[in-house]
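What follows is one structure encoded as structure tokens, with my remarks underneath.
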Amino acid sequence: MMNRSRYVLVILVTLALLVTGWVPHVNGQVAKTLLVLGRLISDAVSLDPAQAFEFTSVWVDKQLYDTLVDFSKDFTRAVPMLARSWTVSPDGKTYTFRLRSGVKFHSGNPVDAAAVEFSIRRVFRLKLTPSFIVTSFIEKPEDVVAVGRDQVRITFNQPMPETMMASVLANPVTAIVDPAVVQKNATPDDPLANKWLSSNDAGSGPFILRSWRRNVRIDLEAFPGYWRGRPKLNRIILLEMPEPTTQLLALQRGDIDAAMSLLPRQYKELAGQKDIVVKSSPTFSLRYLAMNVGYEPFSKVQVRNAVKWAIDYDAIKRIWEDAIDPGQTIVPARMFGHLPDRPYRKNVERARSLMREAGYERGFKVELLTVPDPPLPDVAAKIKEDLAAIGIEVEVKQLRSADLLGIYRAQKHQMVIARWGADYPDPDNLAKAFADYDMRQLAYRNQWDHPVKQLVKQAVGELDRKKREEMYKRIQKITLDEGPYVVFAYPLRQIALRANIKGLEPSPLYETYDLFEVWKE
């Protein structure tokens with residue numbers, strides 16, 4: 001009966017895909033040039049680079065647009081894109097970029113310095129969600145200036161190490177849009193064509209947006225005039241498949257080439273199966289337990305560290321079905337400046353000793369907030385069990401994400417299980433959040449105002465790469481030893497794909513897959 005149910009479900013999935021206009025795989029040219037991806041795409045709100053901030057929106061814009069620079073595959077250095085080279089002033093604040101010649105937008109219009117100036121200034125004018133990535137480091141739009149046809153000068157408000165420069169100018173918010181196309185589709189009440197660009201493209205990237213049926217599918221087609229050469233895939237289709245089991249069955253049947261949002265146990269089930277490959281990468285994001293220093297017991301570093309020594313990290317990894325990379329520092333693995341120290345492990349006697357030293361030998365009561373999303377309730381239950389062994393009586397309270405965030409941001413929690421992801425791939429982004437109280441992010445929420453914040457402010461503008469790396473390792477060590485956080489995981493990004501798909505690799509930075517280099521055997 002179970003096999004028959006699976007068969008019926010596969011048939012229904014296939015019919016649904018055909019109804020939406022899906023092109024089936026067949027032996028021959030279509031199969032070699034078409035990539036069909038099953039994933040959740042309903043998070044997409046806008047494809048305008050100045051507005052896109054959801055996973056799918058950023059993912060698609062990576063295919064439609066180019067930026068001045070990009071990161072190397074290991075995210076350790078900047079590499080040329082539309083800018084073929086650059087120079088920097090002695091104070092590290094002003095970069096001058098020389099553009100490639102002969103690059104065209106999808107419209108056929110040339111990509112020149114005026115287009116770069118227009119695009120980045122447009123971010124200032126629109127002031128939409130991701131604009132902070134630009135406005136935090138560039139003071140005003142006039143600091144982006146076209147110098148002739150092929151040079152752009154950008155002045156930052158602080159010294160910018162090269163990876164910090166790339167953190168701004170490789171981000172999709174700074175993607176270069178075609179000014180002529182924007183102006184053509186502008187209206188009096190939408191002079192920068194934000195509404196039009198939300199569902200159309202004006203880029204120069206390897207793929208062209210052909211259609212977007214919201215909550216159903218996104219169709220991309222290769223741009224034959226792309227400056228790096230025509231992509232190996234002629235067409236890419238992203239299908240809305242929110243149900244992981246539907247993705248799993250479609251992948252096993254061959255109806256899709258890759259499943260991108262399965263459950264951890266499903267990836268484990270697929271690993272080793274014939275004709276299917278599972279790939280994973282640690283992400284630039286964290287899962288952590290936070291303690292509000294404003295709640296009296298947690299004002300003592302000994303109590304905070306007792307919590308760190310009481311937790312069974314191996315058990316949490318098992319609860320997560322091995323879909324995490326264990327880590328304990330605030331800069332994730334694979335990011336520049338990561339400190340790999342993992343000193344804490346379950347040691348009840350050491351934790352009890354710290355509780356006695358702090359004057360809490362008899363323990364105390366505390367409320368722990370979490371969201372109901374699996375496996376977090378199980379993680380919270382395990383933490384409750386672990387802390388009971390050192391006299392801390394935990395009451396777990398599950399809340400909707402919006403309600404939890406409201407309490408957390410208002411500093412009204414006692415303990416909370418939360419997540420944080422990097423907006424750009426530089427340790428500055430994590431150090432500011434976790435260690436600089438003045439940023440009014442995580443250190444502020446947990447009322448942890450520590451002198452380490454001065455080191456955070458210095459490190460961001462340090463131009464000597466080795467010195468800068470050491471500064472971030474010091475920040476992580478101080479936060480690890482004294483901070484109000486129990487970092488317990490860097491979640492993995494996993495994808496499952498047919499074995500004939502080559503070059504598709506999960507990225508640690510949200511979902512910046514580069515489909516230009518993907519092909520099908």
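Here, A, B, ... name the chains of the structure tokens in the order displayed, residue numbers run from 1 inside each chain, and ligands are numbered from 1 in the same displayed order.
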### Message
I need the residues of segment 91-248 of chain A that end up classed as strand (DSSP E or B) by DSSP on the backbone, written out as a VMD selection string.
### Response
chain A and resid 94 to 99 104 110 144 to 147 151 to 155 187 190 207 to 213 217 to 222 235 to 240
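Within the 8 Å cut-off around segment 259-268 of chain A, using only C-alpha atoms and omitting residues fewer than 4 positions from it on the same chain, the listed residues are Leu37, Gly38, Arg39, Leu40, Pro242, Pro244, Thr245, Gln247, Leu248, Leu251, Val278, Trp320, Glu321, Asp322, Ala323, Gln494, Ile495, Ala496 and Leu497 of chain A.
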### Query
Contacts of Gly359 of chain A at 10 Å or less, counting only C-alpha atoms, minus same-chain residues fewer than 5 places along, as a VMD selection string?
chain A and resid 297 300 302 to 303 353 to 354
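Atom CA of Gln63 of chain A is found 27.9 Å from atom CA of Leu270 of chain A.
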### Query
Hey, what's within 8 Å of segment 77-91 of chain A if we count only C-alpha atoms and toss same-chain stuff fewer than 4 positions away? As JSON, numbers by chain, please?
{"A": [66, 67, 68, 69, 70, 71, 72, 95, 96, 97, 98, 99, 100, 103, 159, 162, 163, 166]}
### Task
Just the residues within 12 Å of Asp403 of chain A, please, counting only C-alpha atoms, with nothing from its chain fewer than 4 positions along; format it as a PyMOL selection string.
chain A and resi 369-372+397-399+407-410+412-413
Mind dumping the selected residues with N, CA and C atoms as a PDB file, in the first residue's frame?
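Below you can see part.pdb, which holds the result:
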```pdb
ATOM      1  N   LEU A 369      12.957  31.065  25.974  1.00  0.00           N
ATOM      2  CA  LEU A 369      12.082  31.279  24.825  1.00  0.00           C
ATOM      3  C   LEU A 369      12.636  30.560  23.599  1.00  0.00           C
ATOM      4  N   THR A 370      11.724  29.986  22.808  1.00  0.00           N
ATOM      5  CA  THR A 370      12.108  29.383  21.541  1.00  0.00           C
ATOM      6  C   THR A 370      10.907  29.430  20.606  1.00  0.00           C
ATOM      7  N   VAL A 371      11.159  29.200  19.333  1.00  0.00           N
ATOM      8  CA  VAL A 371      10.072  29.079  18.362  1.00  0.00           C
ATOM      9  C   VAL A 371       9.728  27.608  18.205  1.00  0.00           C
ATOM     10  N   PRO A 372       8.530  27.280  17.697  1.00  0.00           N
ATOM     11  CA  PRO A 372       8.114  25.873  17.598  1.00  0.00           C
ATOM     12  C   PRO A 372       8.705  25.123  16.418  1.00  0.00           C
ATOM     13  N   LYS A 397       9.231  28.186  26.949  1.00  0.00           N
ATOM     14  CA  LYS A 397       8.040  28.854  26.415  1.00  0.00           C
ATOM     15  C   LYS A 397       8.198  28.995  24.906  1.00  0.00           C
ATOM     16  N   GLN A 398       7.270  28.419  24.158  1.00  0.00           N
ATOM     17  CA  GLN A 398       7.315  28.502  22.696  1.00  0.00           C
ATOM     18  C   GLN A 398       6.459  29.661  22.213  1.00  0.00           C
ATOM     19  N   LEU A 399       7.032  30.465  21.314  1.00  0.00           N
ATOM     20  CA  LEU A 399       6.345  31.638  20.779  1.00  0.00           C
ATOM     21  C   LEU A 399       6.497  31.696  19.270  1.00  0.00           C
ATOM     22  N   ILE A 407      10.010  40.475  22.008  1.00  0.00           N
ATOM     23  CA  ILE A 407      10.501  40.390  23.386  1.00  0.00           C
ATOM     24  C   ILE A 407      12.017  40.505  23.426  1.00  0.00           C
ATOM     25  N   TYR A 408      12.685  39.822  22.511  1.00  0.00           N
ATOM     26  CA  TYR A 408      14.150  39.813  22.466  1.00  0.00           C
ATOM     27  C   TYR A 408      14.696  41.213  22.197  1.00  0.00           C
ATOM     28  N   ARG A 409      14.133  41.875  21.220  1.00  0.00           N
ATOM     29  CA  ARG A 409      14.619  43.217  20.875  1.00  0.00           C
ATOM     30  C   ARG A 409      14.365  44.220  21.996  1.00  0.00           C
ATOM     31  N   ALA A 410      13.350  43.965  22.815  1.00  0.00           N
ATOM     32  CA  ALA A 410      13.025  44.865  23.930  1.00  0.00           C
ATOM     33  C   ALA A 410      13.799  44.521  25.201  1.00  0.00           C
ATOM     34  N   LYS A 412      13.556  41.967  27.087  1.00  0.00           N
ATOM     35  CA  LYS A 412      12.653  41.485  28.131  1.00  0.00           C
ATOM     36  C   LYS A 412      12.715  39.965  28.324  1.00  0.00           C
ATOM     37  N   HIS A 413      13.626  39.303  27.686  1.00  0.00           N
ATOM     38  CA  HIS A 413      13.791  37.867  27.830  1.00  0.00           C
ATOM     39  C   HIS A 413      14.748  37.571  28.997  1.00  0.00           C
TER      40      HIS A 413
END
```
